[in-house]
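J.: This is coords_37.pdb, which holds PDB, C-alpha atoms:
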ATOM      1  CA  MET A   1      67.983  42.525 201.624  1.00  0.00           C
ATOM      2  CA  PRO A   2      71.303  43.851 200.252  1.00  0.00           C
ATOM      3  CA  LYS A   3      73.331  45.803 202.780  1.00  0.00           C
ATOM      4  CA  PHE A   4      73.711  48.939 200.674  1.00  0.00           C
ATOM      5  CA  ILE A   5      69.965  49.614 200.845  1.00  0.00           C
ATOM      6  CA  GLY A   6      70.594  51.141 204.271  1.00  0.00           C
ATOM      7  CA  SER A   7      73.332  53.463 203.026  1.00  0.00           C
ATOM      8  CA  VAL A   8      72.857  56.774 201.246  1.00  0.00           C
ATOM      9  CA  SER A   9      76.398  56.671 199.886  1.00  0.00           C
ATOM     10  CA  CYS A  10      76.052  53.193 198.415  1.00  0.00           C
ATOM     11  CA  LEU A  11      72.652  53.930 196.915  1.00  0.00           C
ATOM     12  CA  MET A  12      74.139  56.928 195.110  1.00  0.00           C
ATOM     13  CA  HIS A  13      77.065  54.836 193.871  1.00  0.00           C
ATOM     14  CA  PHE A  14      74.696  52.138 192.681  1.00  0.00           C
ATOM     15  CA  LEU A  15      72.561  54.627 190.744  1.00  0.00           C
ATOM     16  CA  PHE A  16      75.754  56.102 189.290  1.00  0.00           C
ATOM     17  CA  VAL A  17      76.951  52.753 187.958  1.00  0.00           C
ATOM     18  CA  VAL A  18      73.573  51.679 186.548  1.00  0.00           C
ATOM     19  CA  GLN A  19      73.076  54.994 184.758  1.00  0.00           C
ATOM     20  CA  LEU A  20      76.637  54.951 183.416  1.00  0.00           C
ATOM     21  CA  VAL A  21      76.194  51.446 182.018  1.00  0.00           C
ATOM     22  CA  SER A  22      72.741  52.060 180.558  1.00  0.00           C
ATOM     23  CA  MET A  23      73.650  55.398 178.962  1.00  0.00           C
ATOM     24  CA  GLY A  24      76.809  53.860 177.563  1.00  0.00           C
ATOM     25  CA  ALA A  25      74.811  50.976 176.113  1.00  0.00           C
ATOM     26  CA  ILE A  26      72.413  53.297 174.297  1.00  0.00           C
ATOM     27  CA  GLU A  27      75.160  55.544 172.932  1.00  0.00           C
ATOM     28  CA  MET A  28      77.181  52.614 171.584  1.00  0.00           C
ATOM     29  CA  SER A  29      75.220  52.626 168.329  1.00  0.00           C
ATOM     30  CA  GLY A  30      74.377  56.343 168.161  1.00  0.00           C
ATOM     31  CA  PRO A  31      77.132  57.740 165.912  1.00  0.00           C
ATOM     32  CA  PHE A  32      77.252  54.707 163.630  1.00  0.00           C
ATOM     33  CA  TRP A  33      73.703  54.477 162.313  1.00  0.00           C
ATOM     34  CA  PRO A  34      74.559  56.300 159.047  1.00  0.00           C
ATOM     35  CA  VAL A  35      77.334  53.770 158.406  1.00  0.00           C
ATOM     36  CA  HIS A  36      74.977  50.868 158.985  1.00  0.00           C
ATOM     37  CA  LEU A  37      72.142  52.375 156.946  1.00  0.00           C
ATOM     38  CA  LYS A  38      74.505  53.139 154.082  1.00  0.00           C
ATOM     39  CA  SER A  39      75.227  49.435 153.792  1.00  0.00           C
ATOM     40  CA  LEU A  40      71.489  48.691 153.594  1.00  0.00           C
ATOM     41  CA  SER A  41      70.136  51.394 151.286  1.00  0.00           C
ATOM     42  CA  LEU A  42      70.689  53.457 148.199  1.00  0.00           C
ATOM     43  CA  THR A  43      72.092  56.966 148.454  1.00  0.00           C
ATOM     44  CA  SER A  44      68.673  58.517 147.800  1.00  0.00           C
ATOM     45  CA  GLU A  45      67.105  56.495 150.633  1.00  0.00           C
ATOM     46  CA  LEU A  46      69.960  57.318 152.980  1.00  0.00           C
ATOM     47  CA  ARG A  47      69.074  61.020 152.883  1.00  0.00           C
ATOM     48  CA  PHE A  48      65.748  60.221 154.525  1.00  0.00           C
ATOM     49  CA  SER A  49      66.655  57.257 156.726  1.00  0.00           C
ATOM     50  CA  GLY A  50      69.887  58.840 157.958  1.00  0.00           C
ATOM     51  CA  THR A  51      67.868  61.731 159.369  1.00  0.00           C
ATOM     52  CA  ALA A  52      64.792  59.806 160.483  1.00  0.00           C
ATOM     53  CA  VAL A  53      66.831  57.331 162.515  1.00  0.00           C
ATOM     54  CA  TYR A  54      67.728  60.200 164.870  1.00  0.00           C
ATOM     55  CA  VAL A  55      64.516  62.222 164.670  1.00  0.00           C
ATOM     56  CA  LEU A  56      62.033  59.415 165.318  1.00  0.00           C
ATOM     57  CA  PRO A  57      63.315  58.563 168.828  1.00  0.00           C
ATOM     58  CA  MET A  58      62.903  62.214 169.788  1.00  0.00           C
ATOM     59  CA  VAL A  59      59.367  62.202 168.404  1.00  0.00           C
ATOM     60  CA  GLY A  60      58.628  59.103 170.456  1.00  0.00           C
ATOM     61  CA  ILE A  61      59.940  60.783 173.590  1.00  0.00           C
ATOM     62  CA  MET A  62      57.860  63.923 173.004  1.00  0.00           C
ATOM     63  CA  LEU A  63      54.671  61.963 172.435  1.00  0.00           C
ATOM     64  CA  THR A  64      54.978  59.701 175.477  1.00  0.00           C
ATOM     65  CA  SER A  65      56.835  61.695 178.155  1.00  0.00           C
ATOM     66  CA  THR A  66      53.643  63.051 179.742  1.00  0.00           C
ATOM     67  CA  PHE A  67      52.055  59.602 179.779  1.00  0.00           C
ATOM     68  CA  TRP A  68      55.069  57.997 181.441  1.00  0.00           C
ATOM     69  CA  GLY A  69      55.182  60.806 183.976  1.00  0.00           C
ATOM     70  CA  GLU A  70      51.598  60.071 184.990  1.00  0.00           C
ATOM     71  CA  MET A  71      52.315  56.336 185.110  1.00  0.00           C
ATOM     72  CA  GLY A  72      55.321  57.026 187.303  1.00  0.00           C
ATOM     73  CA  ASP A  73      53.104  58.839 189.797  1.00  0.00           C
ATOM     74  CA  ARG A  74      50.841  55.799 189.952  1.00  0.00           C
ATOM     75  CA  MET A  75      53.309  52.914 189.771  1.00  0.00           C
ATOM     76  CA  GLY A  76      56.451  54.385 191.283  1.00  0.00           C
ATOM     77  CA  ASN A  77      59.817  55.469 189.909  1.00  0.00           C
ATOM     78  CA  LYS A  78      61.413  52.039 190.241  1.00  0.00           C
ATOM     79  CA  MET A  79      58.852  50.573 187.853  1.00  0.00           C
ATOM     80  CA  MET A  80      59.510  53.364 185.366  1.00  0.00           C
ATOM     81  CA  MET A  81      63.238  52.700 185.537  1.00  0.00           C
ATOM     82  CA  LEU A  82      62.589  49.030 184.813  1.00  0.00           C
ATOM     83  CA  ARG A  83      60.168  49.882 182.007  1.00  0.00           C
ATOM     84  CA  ALA A  84      62.711  52.114 180.291  1.00  0.00           C
ATOM     85  CA  LEU A  85      65.586  49.651 180.551  1.00  0.00           C
ATOM     86  CA  LEU A  86      63.529  46.656 179.455  1.00  0.00           C
ATOM     87  CA  GLY A  87      62.095  48.618 176.540  1.00  0.00           C
ATOM     88  CA  LEU A  88      65.566  49.692 175.460  1.00  0.00           C
ATOM     89  CA  SER A  89      66.887  46.158 175.840  1.00  0.00           C
ATOM     90  CA  LEU A  90      64.097  44.660 173.750  1.00  0.00           C
ATOM     91  CA  THR A  91      64.358  47.211 170.939  1.00  0.00           C
ATOM     92  CA  GLN A  92      68.154  46.943 170.799  1.00  0.00           C
ATOM     93  CA  PHE A  93      67.833  43.160 170.597  1.00  0.00           C
ATOM     94  CA  VAL A  94      65.391  43.323 167.687  1.00  0.00           C
ATOM     95  CA  LEU A  95      67.461  46.009 165.959  1.00  0.00           C
ATOM     96  CA  ALA A  96      70.421  43.646 166.033  1.00  0.00           C
ATOM     97  CA  TRP A  97      68.540  41.138 163.887  1.00  0.00           C
ATOM     98  CA  THR A  98      66.760  43.298 161.313  1.00  0.00           C
ATOM     99  CA  ASP A  99      68.144  44.632 158.055  1.00  0.00           C
ATOM    100  CA  ASN A 100      64.912  46.250 156.855  1.00  0.00           C
ATOM    101  CA  ILE A 101      65.161  50.028 156.901  1.00  0.00           C
ATOM    102  CA  MET A 102      61.480  50.660 157.629  1.00  0.00           C
ATOM    103  CA  VAL A 103      61.540  48.183 160.516  1.00  0.00           C
ATOM    104  CA  ILE A 104      64.640  49.914 161.865  1.00  0.00           C
ATOM    105  CA  LEU A 105      62.907  53.295 161.761  1.00  0.00           C
ATOM    106  CA  ILE A 106      59.788  51.922 163.455  1.00  0.00           C
ATOM    107  CA  LEU A 107      61.899  50.338 166.167  1.00  0.00           C
ATOM    108  CA  ARG A 108      63.789  53.583 166.704  1.00  0.00           C
ATOM    109  CA  PHE A 109      60.473  55.354 167.239  1.00  0.00           C
ATOM    110  CA  ILE A 110      59.386  52.659 169.702  1.00  0.00           C
ATOM    111  CA  GLN A 111      62.751  52.965 171.405  1.00  0.00           C
ATOM    112  CA  GLY A 112      62.149  56.657 171.965  1.00  0.00           C
ATOM    113  CA  ALA A 113      58.616  55.989 173.168  1.00  0.00           C
ATOM    114  CA  CYS A 114      59.931  53.478 175.714  1.00  0.00           C
ATOM    115  CA  ALA A 115      62.840  55.650 176.795  1.00  0.00           C
ATOM    116  CA  GLY A 116      63.002  57.943 179.772  1.00  0.00           C
ATOM    117  CA  TYR A 117      65.327  56.409 182.338  1.00  0.00           C
ATOM    118  CA  ILE A 118      67.091  59.528 183.629  1.00  0.00           C
ATOM    119  CA  ALA A 119      64.046  61.369 185.017  1.00  0.00           C
ATOM    120  CA  PRO A 120      62.675  58.481 187.123  1.00  0.00           C
ATOM    121  CA  ALA A 121      66.192  57.644 188.312  1.00  0.00           C
ATOM    122  CA  GLN A 122      66.601  61.194 189.586  1.00  0.00           C
ATOM    123  CA  ALA A 123      63.129  61.164 191.137  1.00  0.00           C
ATOM    124  CA  TYR A 124      63.845  57.825 192.782  1.00  0.00           C
ATOM    125  CA  GLY A 125      67.084  59.112 194.291  1.00  0.00           C
ATOM    126  CA  VAL A 126      65.406  62.292 195.535  1.00  0.00           C
ATOM    127  CA  SER A 127      62.693  60.265 197.261  1.00  0.00           C
ATOM    128  CA  MET A 128      65.202  58.012 198.983  1.00  0.00           C
ATOM    129  CA  ILE A 129      67.915  60.329 200.323  1.00  0.00           C
ATOM    130  CA  PRO A 130      67.997  63.361 202.647  1.00  0.00           C
ATOM    131  CA  SER A 131      67.689  66.809 201.112  1.00  0.00           C
ATOM    132  CA  ASP A 132      71.267  67.800 201.974  1.00  0.00           C
ATOM    133  CA  LYS A 133      72.591  64.938 199.819  1.00  0.00           C
ATOM    134  CA  ARG A 134      70.536  65.728 196.730  1.00  0.00           C
ATOM    135  CA  PRO A 135      72.976  68.149 195.062  1.00  0.00           C
ATOM    136  CA  ARG A 136      75.625  65.440 195.248  1.00  0.00           C
ATOM    137  CA  LEU A 137      73.173  62.944 193.759  1.00  0.00           C
ATOM    138  CA  PHE A 138      72.408  65.226 190.807  1.00  0.00           C
ATOM    139  CA  ALA A 139      76.145  65.754 190.245  1.00  0.00           C
ATOM    140  CA  TYR A 140      76.744  61.999 190.295  1.00  0.00           C
ATOM    141  CA  LEU A 141      73.959  61.293 187.823  1.00  0.00           C
ATOM    142  CA  GLN A 142      75.029  64.100 185.499  1.00  0.00           C
ATOM    143  CA  ILE A 143      78.564  62.737 185.499  1.00  0.00           C
ATOM    144  CA  SER A 144      77.369  59.195 184.864  1.00  0.00           C
ATOM    145  CA  THR A 145      75.347  60.369 181.865  1.00  0.00           C
ATOM    146  CA  ASN A 146      78.279  62.236 180.342  1.00  0.00           C
ATOM    147  CA  VAL A 147      80.892  59.591 181.062  1.00  0.00           C
ATOM    148  CA  GLY A 148      78.574  56.797 179.937  1.00  0.00           C
ATOM    149  CA  SER A 149      77.831  58.571 176.646  1.00  0.00           C
ATOM    150  CA  PHE A 150      81.529  59.132 175.995  1.00  0.00           C
ATOM    151  CA  LEU A 151      82.587  55.590 176.861  1.00  0.00           C
ATOM    152  CA  GLY A 152      79.645  54.091 174.994  1.00  0.00           C
ATOM    153  CA  THR A 153      80.634  55.839 171.783  1.00  0.00           C
ATOM    154  CA  LEU A 154      84.251  54.764 172.231  1.00  0.00           C
ATOM    155  CA  VAL A 155      83.358  51.137 172.922  1.00  0.00           C
ATOM    156  CA  GLY A 156      80.868  51.113 170.054  1.00  0.00           C
ATOM    157  CA  GLY A 157      83.564  52.244 167.651  1.00  0.00           C
ATOM    158  CA  ILE A 158      85.917  49.527 168.857  1.00  0.00           C
ATOM    159  CA  ILE A 159      83.217  46.874 168.469  1.00  0.00           C
ATOM    160  CA  LEU A 160      82.419  48.093 164.956  1.00  0.00           C
ATOM    161  CA  ASP A 161      86.101  47.923 163.980  1.00  0.00           C
ATOM    162  CA  TYR A 162      86.622  44.373 165.204  1.00  0.00           C
ATOM    163  CA  LEU A 163      83.152  42.792 164.985  1.00  0.00           C
ATOM    164  CA  SER A 164      80.002  44.222 163.379  1.00  0.00           C
ATOM    165  CA  PHE A 165      77.035  46.512 163.988  1.00  0.00           C
ATOM    166  CA  PHE A 166      75.045  43.456 165.050  1.00  0.00           C
ATOM    167  CA  TRP A 167      77.218  43.070 168.133  1.00  0.00           C
ATOM    168  CA  ILE A 168      76.886  46.725 169.074  1.00  0.00           C
ATOM    169  CA  ASN A 169      73.122  46.320 169.393  1.00  0.00           C
ATOM    170  CA  MET A 170      73.337  42.885 170.972  1.00  0.00           C
ATOM    171  CA  ILE A 171      75.800  43.954 173.666  1.00  0.00           C
ATOM    172  CA  ALA A 172      73.717  47.073 174.333  1.00  0.00           C
ATOM    173  CA  ALA A 173      70.625  44.897 174.780  1.00  0.00           C
ATOM    174  CA  ILE A 174      72.445  42.652 177.251  1.00  0.00           C
ATOM    175  CA  LEU A 175      73.782  45.599 179.250  1.00  0.00           C
ATOM    176  CA  CYS A 176      70.338  47.193 179.526  1.00  0.00           C
ATOM    177  CA  LEU A 177      68.854  43.872 180.601  1.00  0.00           C
ATOM    178  CA  LEU A 178      71.524  43.391 183.267  1.00  0.00           C
ATOM    179  CA  SER A 179      70.906  46.927 184.517  1.00  0.00           C
ATOM    180  CA  ALA A 180      67.175  46.214 184.797  1.00  0.00           C
ATOM    181  CA  VAL A 181      67.787  42.961 186.660  1.00  0.00           C
ATOM    182  CA  SER A 182      70.140  44.672 189.112  1.00  0.00           C
ATOM    183  CA  ILE A 183      67.535  47.362 189.829  1.00  0.00           C
ATOM    184  CA  LEU A 184      64.829  44.749 190.307  1.00  0.00           C
ATOM    185  CA  ILE A 185      66.943  42.771 192.759  1.00  0.00           C
ATOM    186  CA  PHE A 186      68.802  45.421 194.715  1.00  0.00           C
ATOM    187  CA  LEU A 187      66.666  48.562 194.874  1.00  0.00           C
ATOM    188  CA  PRO A 188      63.749  48.819 197.300  1.00  0.00           C
ATOM    189  CA  GLN A 189      60.472  50.272 196.121  1.00  0.00           C
ATOM    190  CA  SER A 190      60.368  54.024 196.693  1.00  0.00           C
ATOM    191  CA  HIS A 191      57.634  55.230 199.008  1.00  0.00           C
ATOM    192  CA  GLY A 192      59.076  58.663 199.670  1.00  0.00           C
ATOM    193  CA  VAL A 193      60.335  57.652 203.115  1.00  0.00           C
ATOM    194  CA  LEU A 194      63.669  59.350 203.511  1.00  0.00           C
ATOM    195  CA  SER A 195      64.307  57.869 206.940  1.00  0.00           C
ATOM    196  CA  CYS A 196      64.697  54.409 205.424  1.00  0.00           C
ATOM    197  CA  LEU A 197      68.293  55.220 204.521  1.00  0.00           C
ATOM    198  CA  LYS A 198      71.072  55.941 206.967  1.00  0.00           C
ATOM    199  CA  GLU A 199      74.229  57.891 206.364  1.00  0.00           C
ATOM    200  CA  LYS A 200      76.848  55.238 207.020  1.00  0.00           C
ATOM    201  CA  PRO A 201      79.922  53.897 205.234  1.00  0.00           C
ATOM    202  CA  CYS A 202      79.266  51.820 202.169  1.00  0.00           C
ATOM    203  CA  LEU A 203      80.474  48.259 202.568  1.00  0.00           C
ATOM    204  CA  ASP A 204      80.681  47.774 198.838  1.00  0.00           C
ATOM    205  CA  LYS A 205      81.995  50.989 197.325  1.00  0.00           C
ATOM    206  CA  SER A 206      81.288  50.892 193.635  1.00  0.00           C
ATOM    207  CA  ILE A 207      83.237  54.080 192.906  1.00  0.00           C
ATOM    208  CA  PRO A 208      86.346  55.126 194.825  1.00  0.00           C
ATOM    209  CA  GLN A 209      86.015  58.603 196.272  1.00  0.00           C
ATOM    210  CA  PHE A 210      89.107  59.915 194.526  1.00  0.00           C
ATOM    211  CA  LEU A 211      87.755  58.799 191.145  1.00  0.00           C
ATOM    212  CA  THR A 212      84.428  60.471 191.849  1.00  0.00           C
ATOM    213  CA  ASN A 213      86.170  63.755 192.666  1.00  0.00           C
ATOM    214  CA  ILE A 214      88.178  63.615 189.452  1.00  0.00           C
ATOM    215  CA  LEU A 215      85.064  62.926 187.384  1.00  0.00           C
ATOM    216  CA  VAL A 216      83.269  65.839 189.041  1.00  0.00           C
ATOM    217  CA  LEU A 217      86.031  68.217 188.044  1.00  0.00           C
ATOM    218  CA  ILE A 218      86.214  66.949 184.481  1.00  0.00           C
ATOM    219  CA  PHE A 219      82.606  66.297 183.480  1.00  0.00           C
ATOM    220  CA  LEU A 220      80.274  68.371 185.663  1.00  0.00           C
ATOM    221  CA  ASP A 221      80.372  71.283 183.225  1.00  0.00           C
ATOM    222  CA  TYR A 222      80.481  69.111 180.123  1.00  0.00           C
TER     223      TYR A 222
END
Go ahead and render the structure in this file as structure tokens.
T.:
Amino acid sequence: MPKFIGSVSCLMHFLFVVQLVSMGAIEMSGPFWPVHLKSLSLTSELRFSGTAVYVLPMVGIMLTSTFWGEMGDRMGNKMMMLRALLGLSLTQFVLAWTDNIMVILILRFIQGACAGYIAPAQAYGVSMIPSDKRPRLFAYLQISTNVGSFLGTLVGGIILDYLSFFWINMIAAILCLLSAVSILIFLPQSHGVLSCLKEKPCLDKSIPQFLTNILVLIFLDY
């Protein structure tokens, strides 16, 4: 098994990186949907689709959050993390290939229905680390969400300038898939046994301590 499984510090760093990458991947396309839809529809259609493309994912989340919470209790938080990332990867991949507005809207709804990575990631971390380390975990994950969203938007804009909207979705799909594979390989199944992790130095520090401190100061209150 990977060495960091026995380290609280390295587990937190790993969760930080995966959440940063996955949140960045999802936010890569977020601000640019109106631009893409404008190239596919008439102005009258854009008034509806430009709003629905943001509303439908939220509707999907609202309708399925309770169900996924119950499934998480039965199957474990690791499985819910994988489900969310694989669902996001699949929908981003299909979105990259379709130019039909109604298909795009349906996929955005499905994307919202499959979403929900942050909550199981937090629950997984809480079940795997001692109680005195949990505030630090929540700070790390909050930072990773904010930084990932910011960097994802920035990278998405760069990709759109030099390539096309197709590549925004395709790269996002690949990043989500890689995140899911890394979780599948490196994270143990959570059984709520806090003693399985020891507080020892991380042999493979994903985030230098000084960088973490800077990010805390900048983004914790974002």
J.: Select, from A:His13, A:Arg83, A:Leu56, A:Met102, the residue with the minimum atom-to-atom distance to A:Ser41, counting only C-alpha atoms.
T.: A:Met102
J.: Hey, can you check how far atom CA of A:Leu141 sits from atom CA of A:Ser179?
T.: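 Between atom CA of A:Leu141 and atom CA of A:Ser179 the gap is 15.1 Å.
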J.: Between atom CA of A:Leu163 and atom CA of A:Val181, what is the spacing in Å?
T.: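 Atom CA of A:Val181 sits 26.6 Å away from atom CA of A:Leu163.
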J.: Return as a ChimeraX atom specification the set of residues that the PyMOL selection byres ((chain A and resi 124) around 10) yields on the displayed structure.
T.: /A:15,76-78,80-81,118-123,125-129,187,189-192
J.: Taking C-alpha atoms for each residue, export the selection above as a CSV table (one decimal), keeping the file's coordinate frame.
T.:
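So again-v4.csv came out as:
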chain,number,residue,atom,x,y,z
A,15,LEU,CA,72.6,54.6,190.7
A,76,GLY,CA,56.5,54.4,191.3
A,77,ASN,CA,59.8,55.5,189.9
A,78,LYS,CA,61.4,52.0,190.2
A,80,MET,CA,59.5,53.4,185.4
A,81,MET,CA,63.2,52.7,185.5
A,118,ILE,CA,67.1,59.5,183.6
A,119,ALA,CA,64.0,61.4,185.0
A,120,PRO,CA,62.7,58.5,187.1
A,121,ALA,CA,66.2,57.6,188.3
A,122,GLN,CA,66.6,61.2,189.6
A,123,ALA,CA,63.1,61.2,191.1
A,125,GLY,CA,67.1,59.1,194.3
A,126,VAL,CA,65.4,62.3,195.5
A,127,SER,CA,62.7,60.3,197.3
A,128,MET,CA,65.2,58.0,199.0
A,129,ILE,CA,67.9,60.3,200.3
A,187,LEU,CA,66.7,48.6,194.9
A,189,GLN,CA,60.5,50.3,196.1
A,190,SER,CA,60.4,54.0,196.7
A,191,HIS,CA,57.6,55.2,199.0
A,192,GLY,CA,59.1,58.7,199.7
J.: Atom CA of A:Gly157 and atom CA of A:Leu88 are how many Å apart?
T.: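 Between these atoms lies a distance of 19.8 Å.
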J.: Could you list as a list in words every residue that has an atom within 7 Å of (64.4, 42.7, 182.7), using the file's coordinates and counting all atoms listed in the file?
T.: Leu82, Leu86, Leu177, Ala180 and Val181 of chain A
J.: I'd like the neighbourhood of stretch 166-170 of chain A as a list in words, where a residue qualifies if any of its atoms comes within 8 Å (using all atoms listed in the file), though same-chain residues fewer than 4 positions away should be ignored.
T.: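 Answer for this query is Met28, Ser29, Gln92, Phe93, Leu95, Ala96, Trp97, Gly156, Ile159, Leu160 and Ile174 of chain A.
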J.: Can you tell me which residues surround A:Cys114 at a distance of at most 7 Å, considering only C-alpha atoms, apart from same-chain residues fewer than 4 positions away, and format the answer as a PyMOL selection string?
T.: chain A and resi 84+87-88+110
J.: Looking at all atoms listed in the file, which of A:Glu45, A:Tyr140, A:Leu175, A:Ala113 is the one that sits closest to A:Ala25?
T.: A:Leu175
J.: Can you work out which one of A:Ser144, A:Ser182, A:Ser39, A:Ser49 has the shortest atom-to-atom distance to A:Ile106, counting only C-alpha atoms?
T.: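 So, comparing all the options, the nearest one is A:Ser49.
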J.: Check what the PyMOL selection byres ((chain A and resi 30) around 9) selects in the file above and give those residues as a list in words.
T.: Ile26, Glu27, Met28, Ser29, Pro31, Phe32, Trp33, Tyr54, Gly152, Thr153 and Gly156 of chain A
J.: Can you give me N, CA, C and O atoms for stretch 63-81 of chain A, written as a PDB file, keeping the file's coordinate frame?
T.:
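File rebuild06.pdb, as written:
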ATOM      1  N   LEU A  63      56.057  62.413 172.425  1.00  0.00           N
ATOM      2  CA  LEU A  63      54.671  61.963 172.435  1.00  0.00           C
ATOM      3  C   LEU A  63      54.302  61.162 173.679  1.00  0.00           C
ATOM      4  O   LEU A  63      53.121  61.045 174.022  1.00  0.00           O
ATOM      5  N   THR A  64      55.288  60.607 174.365  1.00  0.00           N
ATOM      6  CA  THR A  64      54.978  59.701 175.477  1.00  0.00           C
ATOM      7  C   THR A  64      55.474  60.189 176.837  1.00  0.00           C
ATOM      8  O   THR A  64      55.155  59.561 177.845  1.00  0.00           O
ATOM      9  N   SER A  65      56.236  61.271 176.885  1.00  0.00           N
ATOM     10  CA  SER A  65      56.835  61.695 178.155  1.00  0.00           C
ATOM     11  C   SER A  65      55.780  62.035 179.201  1.00  0.00           C
ATOM     12  O   SER A  65      55.915  61.673 180.386  1.00  0.00           O
ATOM     13  N   THR A  66      54.703  62.709 178.792  1.00  0.00           N
ATOM     14  CA  THR A  66      53.643  63.051 179.742  1.00  0.00           C
ATOM     15  C   THR A  66      52.955  61.793 180.264  1.00  0.00           C
ATOM     16  O   THR A  66      52.678  61.674 181.469  1.00  0.00           O
ATOM     17  N   PHE A  67      52.698  60.856 179.376  1.00  0.00           N
ATOM     18  CA  PHE A  67      52.055  59.602 179.779  1.00  0.00           C
ATOM     19  C   PHE A  67      52.902  58.851 180.791  1.00  0.00           C
ATOM     20  O   PHE A  67      52.397  58.380 181.819  1.00  0.00           O
ATOM     21  N   TRP A  68      54.205  58.732 180.515  1.00  0.00           N
ATOM     22  CA  TRP A  68      55.069  57.997 181.441  1.00  0.00           C
ATOM     23  C   TRP A  68      55.215  58.732 182.765  1.00  0.00           C
ATOM     24  O   TRP A  68      55.388  58.098 183.810  1.00  0.00           O
ATOM     25  N   GLY A  69      55.147  60.052 182.732  1.00  0.00           N
ATOM     26  CA  GLY A  69      55.182  60.806 183.976  1.00  0.00           C
ATOM     27  C   GLY A  69      53.984  60.488 184.858  1.00  0.00           C
ATOM     28  O   GLY A  69      54.113  60.305 186.077  1.00  0.00           O
ATOM     29  N   GLU A  70      52.807  60.420 184.242  1.00  0.00           N
ATOM     30  CA  GLU A  70      51.598  60.071 184.990  1.00  0.00           C
ATOM     31  C   GLU A  70      51.654  58.633 185.499  1.00  0.00           C
ATOM     32  O   GLU A  70      51.254  58.343 186.628  1.00  0.00           O
ATOM     33  N   MET A  71      52.185  57.721 184.682  1.00  0.00           N
ATOM     34  CA  MET A  71      52.315  56.336 185.110  1.00  0.00           C
ATOM     35  C   MET A  71      53.314  56.207 186.256  1.00  0.00           C
ATOM     36  O   MET A  71      53.143  55.378 187.159  1.00  0.00           O
ATOM     37  N   GLY A  72      54.350  57.040 186.223  1.00  0.00           N
ATOM     38  CA  GLY A  72      55.321  57.026 187.303  1.00  0.00           C
ATOM     39  C   GLY A  72      54.710  57.442 188.627  1.00  0.00           C
ATOM     40  O   GLY A  72      55.045  56.900 189.686  1.00  0.00           O
ATOM     41  N   ASP A  73      53.795  58.421 188.576  1.00  0.00           N
ATOM     42  CA  ASP A  73      53.104  58.839 189.797  1.00  0.00           C
ATOM     43  C   ASP A  73      52.248  57.718 190.373  1.00  0.00           C
ATOM     44  O   ASP A  73      52.067  57.621 191.591  1.00  0.00           O
ATOM     45  N   ARG A  74      51.718  56.879 189.501  1.00  0.00           N
ATOM     46  CA  ARG A  74      50.841  55.799 189.952  1.00  0.00           C
ATOM     47  C   ARG A  74      51.617  54.544 190.360  1.00  0.00           C
ATOM     48  O   ARG A  74      51.279  53.891 191.358  1.00  0.00           O
ATOM     49  N   MET A  75      52.637  54.202 189.588  1.00  0.00           N
ATOM     50  CA  MET A  75      53.309  52.914 189.771  1.00  0.00           C
ATOM     51  C   MET A  75      54.643  53.011 190.500  1.00  0.00           C
ATOM     52  O   MET A  75      55.183  51.991 190.930  1.00  0.00           O
ATOM     53  N   GLY A  76      55.184  54.222 190.599  1.00  0.00           N
ATOM     54  CA  GLY A  76      56.451  54.385 191.283  1.00  0.00           C
ATOM     55  C   GLY A  76      57.613  54.531 190.315  1.00  0.00           C
ATOM     56  O   GLY A  76      57.567  54.046 189.171  1.00  0.00           O
ATOM     57  N   ASN A  77      58.668  55.194 190.768  1.00  0.00           N
ATOM     58  CA  ASN A  77      59.817  55.469 189.909  1.00  0.00           C
ATOM     59  C   ASN A  77      60.623  54.215 189.588  1.00  0.00           C
ATOM     60  O   ASN A  77      61.214  54.114 188.511  1.00  0.00           O
ATOM     61  N   LYS A  78      60.669  53.267 190.515  1.00  0.00           N
ATOM     62  CA  LYS A  78      61.413  52.039 190.241  1.00  0.00           C
ATOM     63  C   LYS A  78      60.812  51.305 189.053  1.00  0.00           C
ATOM     64  O   LYS A  78      61.543  50.802 188.184  1.00  0.00           O
ATOM     65  N   MET A  79      59.501  51.236 188.973  1.00  0.00           N
ATOM     66  CA  MET A  79      58.852  50.573 187.853  1.00  0.00           C
ATOM     67  C   MET A  79      59.130  51.298 186.535  1.00  0.00           C
ATOM     68  O   MET A  79      59.279  50.658 185.492  1.00  0.00           O
ATOM     69  N   MET A  80      59.213  52.612 186.575  1.00  0.00           N
ATOM     70  CA  MET A  80      59.510  53.364 185.366  1.00  0.00           C
ATOM     71  C   MET A  80      60.957  53.172 184.921  1.00  0.00           C
ATOM     72  O   MET A  80      61.248  53.144 183.714  1.00  0.00           O
ATOM     73  N   MET A  81      61.855  53.017 185.873  1.00  0.00           N
ATOM     74  CA  MET A  81      63.238  52.700 185.537  1.00  0.00           C
ATOM     75  C   MET A  81      63.327  51.337 184.857  1.00  0.00           C
ATOM     76  O   MET A  81      64.009  51.166 183.832  1.00  0.00           O
TER      77      MET A  81
END
